[in-house]
Structures are given as C-alpha cells and as structure tokens.
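**Student:** Sharing a structure below in structure tokens format, with a few things to ask.
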Amino acid sequence: MLTSIVKQTAQRFSRSSLPSASVRSLSATPGAHPPPRLFDYETVTKNLTVADAIDSVESAFASLAKGKVDVPMPMHITVDETESAGPGDCHIKGGYISGTPTFTVKLATVSFYKNLEKNLPPGSGVFCVVNAVTGAPLGIFQENRFMTDLRTGAAGAISMKHCSSPEQDVVGFIGCGAIARNMARAAAVVRPYKGVAYGFAGAEEFAAEMEKELGMPFTVAGSSEELCGLSDVIFTQTPGSETVLQRSWLKESGVTIIASGSDQPTKQEIPNDVLTNCKYIPDLTKQTSKVGELRGAIQEGVMTVDDVYAELGEIVNGDKPGREGNEIIVVDLTGTGAQDAAIGQVAWDKLSVL
C-alpha cells in the first residue's frame, strides 16, 4: 500500500508543470557551510582595544536612532543557587545593523561568584558573528566579557563626547574594576582629563595603573561624596545593588553622569531625585525602562518613558543637543545588541585576516 502511494505521488509530481530546473534544485543535495573559526581569549585580547570599537559603536548608535538596527530585547536566565549549580546570571543579546555584512549574537554570564573559590573569574562569554548573506556562523569569539567591556567603554566615550563640554576635565570613576578601566581608556580618546577614583576595593591600584598607562594624573577619593564634589563627569560601574551618590553631592556647575551598572531589574545606581531633575538619556528606552535606571523611577511612579529627553543615538545624530548649560545629564547604558553587532563586525574584520 505504501509503495503504491509513493508511486502515485511521484507520477503526479512528474506530470506537474514545475520547470525542470526547479525539479533539479529540489532534488539536488545542498553543500555544507564551512565550520566557523574559533578565536580564543588570548587572540581576542591581544588584537582588540577599546579605541577599535569607538567609531563603529558610535555609528551603531546613529543607526539605532534612525530605526536601522534590529535589536530584540535581551534574554535573561537566572541560575539559582542549589547543590548542583549557581548562583549566576546569563544574558543573551544580539542585533543586526542594516547594510552590514554580519550580525552578532552574544552570550555573557555574570555573578557566578563561587568561581572565585576555584580561582576562576565570576563571568564568561562568547560572541557568534554570522554571515548576513548566507546565515552561516563565521566566527566564535571566546571573549570572556572582554569584547563586552570594550563596547561598553566605547559607549562611555561616546556619551562623554556628546554630553559633556571640553572644559569638563575632571572625570570620576565610582567602581574600579574591568569596566572602569575601559571607561578610563575610552575617555582618554575623547580628551585629556584629571581622574578621580573611588571604590570599596582596588581604587589605589586602578588609579596607579591608569595614571601610568594614560599619562594623566589620577587621585583617590576617600568617599563617593568627595569624588562627586570634584568631578565634572562621573562614570558609575558598580554591582548596582544600591545607589552610589546623592543629588546634594553634585557640582552646581553641571555634571554628566554615565551609569553602566544597572543591567537587571534588581539594580539601580542613581537615586530617583537625580533622575527626575536631569536630562535623562538612555541607550535604548525600551531596555532601560525594564532593566536600567529608568525602571526604578517608573516603579516608584516618579517618571514615565515620556520623561526621556532623547536616546543617545539621537544626540549622536544631532537631533537634540547634549550639554547646553549647567544641567545634570544622566546617560543610562544598559548595553544594546547594536553595540554587540558593531564590535562583532570589528572583531571579524580584524581577526579573520590573521
């Protein structure tokens, strides 16, 4: 019976008006895509710098504001602490910038703090860069958050470039880890500055390292309040479990706060009374309203998405001005798939020729 059905189906197919070329294409065996190249951590870190990322990330923000980037909402996986796993978190982001030859999907893990007992870092990550013509993966980059930190640093530089004035040359860093280092390096591309550091741990080491590397003076503040009283531009990159400054600590001559510590619904670095009295500029409103600084203000009923002054890409494009006087500006960086797509393209262009 089954053989008869198959024969009848084949006869009907052969009598159909389908062109012979189409028949051949349906019966042909497709070739296999070549396997993606694997770039290990050492190769990635030796060949990429934050300066490589700034121009491409700036262009990505410009395209994002024009609606030319497909950026889905991030996927977040919580690994609860049990006898067999966790605790930890996983973020999956990605994006495609219209007209570019690749798109990127990134998996990053954070807060696996038990790793420290094993002498391992608390996070890791990979970038998958995909051919936008064929859909085949081109490269897997074992970056362990290095490329993520580069594109975050690049966003910090772009924020400083467009949302502060040239005379604002005292730059503070609250939180002195890996992201702070990339912020400091990226800020140095924008203009020379005098650095001030404050952190619960590592501030002295950070200041000494950055002063030597960048050739700019760095001092260590005794408190967040002291740092705020000195700084024209303040980068905050802390775990975000509690707010890190107060409105009364900020200079009356105007300050630009570039916050990158809030990337989950449980985090907030900037108090609501600062957010309600500033030009609030997010990297992506639909994201910061869910996992950024804006989320907390919305939750408390003191702000809505209508209170957003402009997205960063709109400032980059000149649709709205950045700094105009002595106002407080808060730039909220939660990290977008547009940035991942941009640094993914840069990494592929640079490393694929090695």
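Simple scheme: letters A, B, ... for chains in structure tokens order, numbers from 1 for residues in each chain, numbers from 1 for ligands in the order shown.
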I'd like the contact shell of Ser223 of chain A - 12 Å cut-off, only C-alpha atoms, skipping same-chain residues fewer than 2 positions apart - returned as an mmCIF file with C-alpha atoms, in the first residue's frame.
**Tutor:**
data_model
loop_
_atom_site.group_PDB
_atom_site.id
_atom_site.type_symbol
_atom_site.label_atom_id
_atom_site.label_comp_id
_atom_site.auth_asym_id
_atom_site.auth_seq_id
_atom_site.Cartn_x
_atom_site.Cartn_y
_atom_site.Cartn_z
ATOM 1 C CA GLY A 172 35.459 60.491 38.393
ATOM 2 C CA PHE A 173 35.124 56.715 38.464
ATOM 3 C CA ILE A 174 32.902 55.087 41.084
ATOM 4 C CA GLY A 175 33.746 51.412 40.911
ATOM 5 C CA VAL A 196 39.476 60.652 40.452
ATOM 6 C CA ALA A 197 38.793 57.127 41.685
ATOM 7 C CA TYR A 198 36.633 55.703 44.440
ATOM 8 C CA GLY A 199 35.722 52.099 45.140
ATOM 9 C CA PHE A 200 35.254 49.734 48.034
ATOM 10 C CA ALA A 201 38.289 47.844 46.744
ATOM 11 C CA ALA A 203 40.867 52.203 43.867
ATOM 12 C CA VAL A 220 41.939 58.504 45.040
ATOM 13 C CA ALA A 221 38.915 59.975 46.831
ATOM 14 C CA GLU A 225 30.753 62.323 48.219
ATOM 15 C CA GLU A 226 34.304 63.648 47.893
ATOM 16 C CA LEU A 227 34.566 62.318 44.344
ATOM 17 C CA CYS A 228 31.263 63.932 43.325
ATOM 18 C CA GLY A 229 32.365 67.279 44.718
ATOM 19 C CA LEU A 230 35.435 67.222 42.470
ATOM 20 C CA VAL A 244 26.168 55.292 44.782
ATOM 21 C CA LEU A 245 25.693 59.071 45.030
ATOM 22 C CA GLN A 246 23.302 61.801 46.177
ATOM 23 C CA TRP A 249 26.882 65.963 46.404
#
**Student:** When DSSP is applied to the backbone of this structure, which of segment 43-160 of chain A are assigned alpha helix (DSSP H)? Write them out as number ranges by chain.
**Tutor:** A: 43-47, 50-65, 146-160
**Student:** Just the number, please: distance in Å from atom CA of Ser352 of chain A to atom CA of Met183 of chain A, one decimal.
**Tutor:**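 Separating atom CA of Ser352 of chain A from atom CA of Met183 of chain A is a distance of 26.5 Å.
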**Student:** Please tabulate, as a tab-separated table, the residues of segment 228-342 of chain A that come within 12 Å of segment 112-127 of chain A, each with its closest pair of atoms and the distance in Å to one decimal, counting only C-alpha atoms and ordering rows by chain, then residue number upward.
**Tutor:**
residue	atom	partner	partner_atom	distance
A:Gly337	CA	A:Phe127	CA	11.3
A:Gln339	CA	A:Phe127	CA	12.0
A:Asp340	CA	A:Phe127	CA	8.2
A:Ala341	CA	A:Phe127	CA	9.4
A:Ala342	CA	A:Phe127	CA	11.5
**Student:** Please save N, CA, C and O atoms of the selected residues as a compact mmCIF listing (two decimals), in the first residue's frame.
**Tutor:**
# COMPACT_ATOMS: atom_id res chain seq x y z
N GLY A 337 22.20 45.39 21.74
CA GLY A 337 22.63 44.47 20.69
C GLY A 337 23.30 45.20 19.53
O GLY A 337 24.10 44.62 18.80
N GLN A 339 25.49 47.59 19.85
CA GLN A 339 26.91 47.64 20.21
C GLN A 339 27.58 46.29 19.97
O GLN A 339 28.72 46.23 19.49
N ASP A 340 26.88 45.21 20.32
CA ASP A 340 27.44 43.88 20.10
C ASP A 340 27.65 43.61 18.62
O ASP A 340 28.67 43.03 18.22
N ALA A 341 26.69 44.02 17.80
CA ALA A 341 26.83 43.84 16.35
C ALA A 341 28.02 44.64 15.83
O ALA A 341 28.76 44.18 14.96
N ALA A 342 28.20 45.84 16.37
CA ALA A 342 29.29 46.70 15.92
C ALA A 342 30.65 46.12 16.28
O ALA A 342 31.55 46.02 15.43
**Student:** Leaving out Gly322 of chain A and any residue of its chain fewer than 4 positions from it, which residues lie within 7 Å of it when counting only C-alpha atoms, given as number ranges by chain?
**Tutor:** A: 162-163, 315
**Student:** Those selected residues, please, written with N, CA and C atoms and delivered as a CSV table (one decimal), in the first residue's frame.
**Tutor:**
chain,number,residue,atom,x,y,z
A,162,HIS,N,29.6,63.6,23.5
A,162,HIS,CA,28.4,64.3,23.1
A,162,HIS,C,27.6,64.9,24.2
A,163,CYS,N,27.9,64.5,25.4
A,163,CYS,CA,27.0,65.0,26.6
A,163,CYS,C,27.8,65.8,27.6
A,315,ILE,N,21.2,62.1,20.1
A,315,ILE,CA,22.2,63.1,20.4
A,315,ILE,C,23.4,63.0,19.4
**Student:** Which of these, A:Ser260, A:Thr78, A:Gln237, A:Thr334, has the shortest distance to Thr109 of chain A once you count only C-alpha atoms?
**Tutor:**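 Result for the nearest residue to Thr109 of chain A: A:Thr78.
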**Student:** What lies within 8 Å of Tyr193 of chain A using only C-alpha atoms, ignoring chain neighbours under 4 positions off, as a PyMOL selection string?
**Tutor:** chain A and resi 169-171+188+216-217
**Student:** Could you check how far atom CA of Cys90 of chain A sits from atom CA of Pro137 of chain A, in Å to one decimal?
**Tutor:**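 Going from atom CA of Cys90 of chain A over to atom CA of Pro137 of chain A covers 21.2 Å.
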**Student:** What lies within 10 Å of segment 241-243 of chain A using only C-alpha atoms, ignoring chain neighbours under 2 positions off, as a PyMOL selection string?
**Tutor:** chain A and resi 236+238-239+245-246+261-262+266-272
**Student:** List every residue of segment 120-205 of chain A that DSSP, applied to the backbone, labels as strand (DSSP E or B), and write the result as an MDAnalysis selection string.
**Tutor:** chainID A and resid 124:131 137:142 170:174 194:198
**Student:** So that I can see what lies close to Ile258 of chain A, please list as a short mmCIF file (atom, residue, chain, number, x, y, z; two decimals) with N, CA and C atoms, in the first residue's frame the residues with an atom at most 8 Å from it, counting only C-alpha atoms and leaving out residues fewer than 5 positions away in the same chain.
**Tutor:**
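The resulting file, selection.cif, is shown below:
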data_model
loop_
_atom_site.label_atom_id
_atom_site.label_comp_id
_atom_site.auth_asym_id
_atom_site.auth_seq_id
_atom_site.Cartn_x
_atom_site.Cartn_y
_atom_site.Cartn_z
N GLY A 156 30.71 54.64 26.68
CA GLY A 156 31.06 55.67 27.65
C GLY A 156 31.77 56.84 27.00
N SER A 159 29.29 58.87 25.03
CA SER A 159 28.46 59.66 25.95
C SER A 159 29.21 60.90 26.41
N MET A 160 30.48 60.73 26.77
CA MET A 160 31.28 61.86 27.22
C MET A 160 31.48 62.86 26.08
N VAL A 233 32.51 64.99 35.21
CA VAL A 233 31.95 63.80 34.57
C VAL A 233 32.16 62.64 35.53
N ILE A 234 31.10 61.86 35.76
CA ILE A 234 31.19 60.74 36.71
C ILE A 234 30.74 59.46 36.00
N PHE A 235 31.64 58.49 35.95
CA PHE A 235 31.31 57.15 35.46
C PHE A 235 30.99 56.26 36.66
N THR A 236 29.84 55.61 36.64
CA THR A 236 29.49 54.66 37.69
C THR A 236 29.38 53.27 37.08
N VAL A 330 22.18 62.56 32.85
CA VAL A 330 22.41 61.15 33.18
C VAL A 330 22.29 60.34 31.89
N VAL A 331 23.37 59.66 31.53
CA VAL A 331 23.34 58.73 30.40
C VAL A 331 23.28 57.32 30.97
N ASP A 332 22.26 56.59 30.60
CA ASP A 332 21.99 55.26 31.17
C ASP A 332 22.38 54.20 30.14
N LEU A 333 23.45 53.48 30.41
CA LEU A 333 23.98 52.49 29.48
C LEU A 333 23.70 51.08 30.00
#
**Student:** Can you write out as JSON lines which residues of segment 20-80 of chain A fall within 8 Å of segment 140-145 of chain A, alongside each residue's closest atom pair and its distance in Å to one decimal, counting only C-alpha atoms and ordering rows by chain and ascending residue number?
**Tutor:**
{"residue": "A:Pro36", "atom": "CA", "partner": "A:Ile140", "partner_atom": "CA", "distance": 6.6}
{"residue": "A:Arg37", "atom": "CA", "partner": "A:Ile140", "partner_atom": "CA", "distance": 6.2}
{"residue": "A:Leu38", "atom": "CA", "partner": "A:Ile140", "partner_atom": "CA", "distance": 4.9}
{"residue": "A:Phe39", "atom": "CA", "partner": "A:Phe141", "partner_atom": "CA", "distance": 4.9}
{"residue": "A:Asp40", "atom": "CA", "partner": "A:Gln142", "partner_atom": "CA", "distance": 5.1}
{"residue": "A:Tyr41", "atom": "CA", "partner": "A:Gln142", "partner_atom": "CA", "distance": 5.2}
{"residue": "A:Val44", "atom": "CA", "partner": "A:Glu143", "partner_atom": "CA", "distance": 6.4}
{"residue": "A:Thr45", "atom": "CA", "partner": "A:Glu143", "partner_atom": "CA", "distance": 7.6}
**Student:** Once you have the residues from the selection above, write them out as a PDB file, in the first residue's frame, restricted to all heavy atoms.
**Tutor:**
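Now in out.pdb:
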ATOM      1  N   PRO A  36      32.638  27.452  11.506  1.00  0.00           N
ATOM      2  CA  PRO A  36      33.097  28.773  11.956  1.00  0.00           C
ATOM      3  C   PRO A  36      34.511  28.688  12.519  1.00  0.00           C
ATOM      4  O   PRO A  36      34.923  27.669  13.059  1.00  0.00           O
ATOM      5  CB  PRO A  36      32.088  29.146  13.042  1.00  0.00           C
ATOM      6  CG  PRO A  36      31.570  27.836  13.549  1.00  0.00           C
ATOM      7  CD  PRO A  36      31.557  26.923  12.367  1.00  0.00           C
ATOM      8  N   ARG A  37      35.227  29.795  12.400  1.00  0.00           N
ATOM      9  CA  ARG A  37      36.564  29.870  13.000  1.00  0.00           C
ATOM     10  C   ARG A  37      36.425  30.162  14.492  1.00  0.00           C
ATOM     11  O   ARG A  37      35.527  30.892  14.911  1.00  0.00           O
ATOM     12  CB  ARG A  37      37.395  30.954  12.319  1.00  0.00           C
ATOM     13  CG  ARG A  37      37.735  30.640  10.877  1.00  0.00           C
ATOM     14  CD  ARG A  37      38.592  31.746  10.278  1.00  0.00           C
ATOM     15  NE  ARG A  37      39.869  31.891  10.980  1.00  0.00           N
ATOM     16  CZ  ARG A  37      40.766  32.834  10.696  1.00  0.00           C
ATOM     17  NH1 ARG A  37      40.524  33.703   9.719  1.00  0.00           N
ATOM     18  NH2 ARG A  37      41.900  32.914  11.382  1.00  0.00           N
ATOM     19  N   LEU A  38      37.318  29.590  15.267  1.00  0.00           N
ATOM     20  CA  LEU A  38      37.322  29.813  16.714  1.00  0.00           C
ATOM     21  C   LEU A  38      38.503  30.707  17.070  1.00  0.00           C
ATOM     22  O   LEU A  38      39.651  30.407  16.729  1.00  0.00           O
ATOM     23  CB  LEU A  38      37.430  28.483  17.467  1.00  0.00           C
ATOM     24  CG  LEU A  38      37.553  28.587  18.992  1.00  0.00           C
ATOM     25  CD1 LEU A  38      36.320  29.251  19.590  1.00  0.00           C
ATOM     26  CD2 LEU A  38      37.774  27.213  19.613  1.00  0.00           C
ATOM     27  N   PHE A  39      38.200  31.827  17.748  1.00  0.00           N
ATOM     28  CA  PHE A  39      39.228  32.745  18.203  1.00  0.00           C
ATOM     29  C   PHE A  39      39.274  32.668  19.726  1.00  0.00           C
ATOM     30  O   PHE A  39      38.291  33.015  20.399  1.00  0.00           O
ATOM     31  CB  PHE A  39      38.920  34.168  17.739  1.00  0.00           C
ATOM     32  CG  PHE A  39      38.854  34.301  16.237  1.00  0.00           C
ATOM     33  CD1 PHE A  39      37.640  34.187  15.568  1.00  0.00           C
ATOM     34  CD2 PHE A  39      40.008  34.525  15.490  1.00  0.00           C
ATOM     35  CE1 PHE A  39      37.572  34.298  14.191  1.00  0.00           C
ATOM     36  CE2 PHE A  39      39.951  34.650  14.110  1.00  0.00           C
ATOM     37  CZ  PHE A  39      38.738  34.529  13.457  1.00  0.00           C
ATOM     38  N   ASP A  40      40.411  32.222  20.258  1.00  0.00           N
ATOM     39  CA  ASP A  40      40.493  32.043  21.701  1.00  0.00           C
ATOM     40  C   ASP A  40      40.706  33.379  22.401  1.00  0.00           C
ATOM     41  O   ASP A  40      40.932  34.421  21.783  1.00  0.00           O
ATOM     42  CB  ASP A  40      41.569  31.020  22.070  1.00  0.00           C
ATOM     43  CG  ASP A  40      42.975  31.443  21.665  1.00  0.00           C
ATOM     44  OD1 ASP A  40      43.221  32.647  21.452  1.00  0.00           O
ATOM     45  OD2 ASP A  40      43.838  30.557  21.542  1.00  0.00           O
ATOM     46  N   TYR A  41      40.644  33.321  23.715  1.00  0.00           N
ATOM     47  CA  TYR A  41      40.691  34.541  24.532  1.00  0.00           C
ATOM     48  C   TYR A  41      41.984  35.317  24.318  1.00  0.00           C
ATOM     49  O   TYR A  41      41.980  36.543  24.206  1.00  0.00           O
ATOM     50  CB  TYR A  41      40.536  34.151  26.003  1.00  0.00           C
ATOM     51  CG  TYR A  41      40.539  35.306  26.966  1.00  0.00           C
ATOM     52  CD1 TYR A  41      39.466  36.204  27.015  1.00  0.00           C
ATOM     53  CD2 TYR A  41      41.606  35.503  27.840  1.00  0.00           C
ATOM     54  CE1 TYR A  41      39.461  37.273  27.901  1.00  0.00           C
ATOM     55  CE2 TYR A  41      41.607  36.565  28.736  1.00  0.00           C
ATOM     56  CZ  TYR A  41      40.537  37.444  28.758  1.00  0.00           C
ATOM     57  OH  TYR A  41      40.540  38.495  29.632  1.00  0.00           O
ATOM     58  N   VAL A  44      41.872  37.224  21.054  1.00  0.00           N
ATOM     59  CA  VAL A  44      40.954  38.361  21.142  1.00  0.00           C
ATOM     60  C   VAL A  44      41.587  39.516  21.910  1.00  0.00           C
ATOM     61  O   VAL A  44      41.596  40.668  21.460  1.00  0.00           O
ATOM     62  CB  VAL A  44      39.625  37.926  21.805  1.00  0.00           C
ATOM     63  CG1 VAL A  44      38.750  39.136  22.105  1.00  0.00           C
ATOM     64  CG2 VAL A  44      38.870  36.955  20.895  1.00  0.00           C
ATOM     65  N   THR A  45      42.136  39.215  23.070  1.00  0.00           N
ATOM     66  CA  THR A  45      42.646  40.287  23.933  1.00  0.00           C
ATOM     67  C   THR A  45      43.922  40.919  23.383  1.00  0.00           C
ATOM     68  O   THR A  45      44.203  42.087  23.651  1.00  0.00           O
ATOM     69  CB  THR A  45      42.909  39.763  25.356  1.00  0.00           C
ATOM     70  OG1 THR A  45      43.804  38.647  25.300  1.00  0.00           O
ATOM     71  CG2 THR A  45      41.606  39.325  26.011  1.00  0.00           C
TER      72      THR A  45
END
